[in-house]
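Reviewing the structure listed below.
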Amino acid sequence: AAFSPNNIVPGIGYSPDRMLQARLFAYADTHRYRLGTHYEQLPVNKPRCPVFHYHRDGPMNVEGGLQSGNPNAYYEPNSFGGAAEKRSAEEPPVPVSGDAKRHDHRESYDDFEQVRELYSKTLSQEERGRLHNNLAGSLVGVPKEIVERAFALLHRIHPDYESGCRKELEGLLSAGEYAPNGMPVTLETPHTVNPAKLQKPTIAEAAAESSSR
């Protein structure tokens with residue numbers, strides 16, 4: 001099923017809750033991506049009442065496209081008798097008091113605290129070293145002024161984060177080369193698959209294994 005909070009009947013409105021407002025867009029957008037434009041025509045998602053929309057072509061168009069008006073006028077406003085906005089179904093107003101305005105979310109949010117905790121308290125010294133190396137490698141070839149802006153942000157997270165990446169970048173630039181994988185993968189690397197286990201058994205080995213079961 002493809003549920004979405006913006007599927008409502010006329011007369012119901014939405015609160016200004018920021019999470020709800022995000023979901024009004026994100027849910028339906030996700031359904032269109034994974035199921036297609038006509039996901040609401042699937043039997044499990046199809047509403048019981050007629051729906052007037054502008055969806056015409058595309059995969060899973062099981063009902064043949066527009067069911068009302070001129071099938072060639074799938075936009076609004078139009079001058080050819082296509083589907084039109086129905087103002088009586090407009091969302092009702094939300095009573096508010098005080099000032100409502102856009103604000104800079106950076107004034108009340110800390111974008112660095114969680115990253116600082118991860119860097120300083122979760123990552124081991126070895127993991128921080130790999131992080132420095134990989135991040136520094138992504139800065140190779142980047143204009144110097146942008147690199148300095150990146151280092152300024154890393155410094156706000158943790159001074160060691162900046163100094164570690166700066167040192168790695170200086171080393172990469174002086175060496176003139178960069179290996180993207182800072183941690184070589186070997187048979188001793190944790191969470192790897194032993195290549196010997198990927199080899200198909202011979203006929204004799206398979207027969208011996210079958211007889212031992």
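Ligands are numbered from 1 in the order shown, chains are lettered A, B, ... in the order of the structure tokens, and residues start at 1 in each chain.
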Pull the closest atom pair for each residue of region 95-127 of chain A that gets at most 12 Å from region 131-137 of chain A, along with the distance in Å to one decimal, counting only C-alpha atoms, ordering rows by chain and then ascending residue number, as a Markdown table.
```
| residue | atom | partner | partner_atom | distance |
| --- | --- | --- | --- | --- |
| A:Leu118 | CA | A:Leu131 | CA | 11.8 |
| A:Tyr119 | CA | A:Leu131 | CA | 9.5 |
| A:Leu123 | CA | A:Leu131 | CA | 9.4 |
| A:Ser124 | CA | A:Leu131 | CA | 10.4 |
| A:Gln125 | CA | A:Leu131 | CA | 9.8 |
| A:Glu126 | CA | A:Leu131 | CA | 8.7 |
| A:Glu127 | CA | A:Leu131 | CA | 6.2 |
```
Keeping only C-alpha atoms, write those residues as a PDB file, in the first residue's frame.
```pdb
ATOM      1  CA  LEU A 118      30.809  11.020  17.019  1.00  0.00           C
ATOM      2  CA  TYR A 119      34.307  12.266  16.262  1.00  0.00           C
ATOM      3  CA  LEU A 123      35.572   6.947  16.631  1.00  0.00           C
ATOM      4  CA  SER A 124      38.841   5.305  17.577  1.00  0.00           C
ATOM      5  CA  GLN A 125      42.179   6.915  16.799  1.00  0.00           C
ATOM      6  CA  GLU A 126      42.583   4.593  13.814  1.00  0.00           C
ATOM      7  CA  GLU A 127      39.104   5.401  12.512  1.00  0.00           C
TER       8      GLU A 127
END
```
Residue neighbourhood region 32-46 of chain A, 7 Å, only C-alpha atoms, exclusion window fewer than 2 positions, as a list in words: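 Answer for this query is Ala1, Ala2, Ala28, Asp29, Thr30, Arg48, Gly58, Pro59, Met60, Asn61 and Val62 of chain A.
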Point-to-point distance from CA of Glu162 (chain A) to CA of Asp111 (chain A), Å rounded to tenths: 16.2 Å
Residue nearest Pro95 (chain A) - candidates A:Asn70, A:Ser15, A:Ser174, A:Asn7, atoms counted: only C-alpha atoms: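 Between A:Asn70, A:Ser15, A:Ser174, A:Asn7, the residue approaching Pro95 (chain A) most closely is A:Ser15.
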Nearest-residue call for Val140 (chain A), choices A:Leu172, A:Val9, A:Ala83, A:Val96, using only C-alpha atoms: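 With only C-alpha atoms as the atom set, the closest residue is A:Leu172.
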Selected residue of minimal separation from Lys167 (chain A) among A:Gly13, A:Gly141, A:Pro93, A:Gly129, counting only C-alpha atoms: A:Gly129
Nearest-residue call for Ser88 (chain A), choices A:Ile12, A:Ile146, A:Leu154, A:Ala175, using only C-alpha atoms: A:Ile12
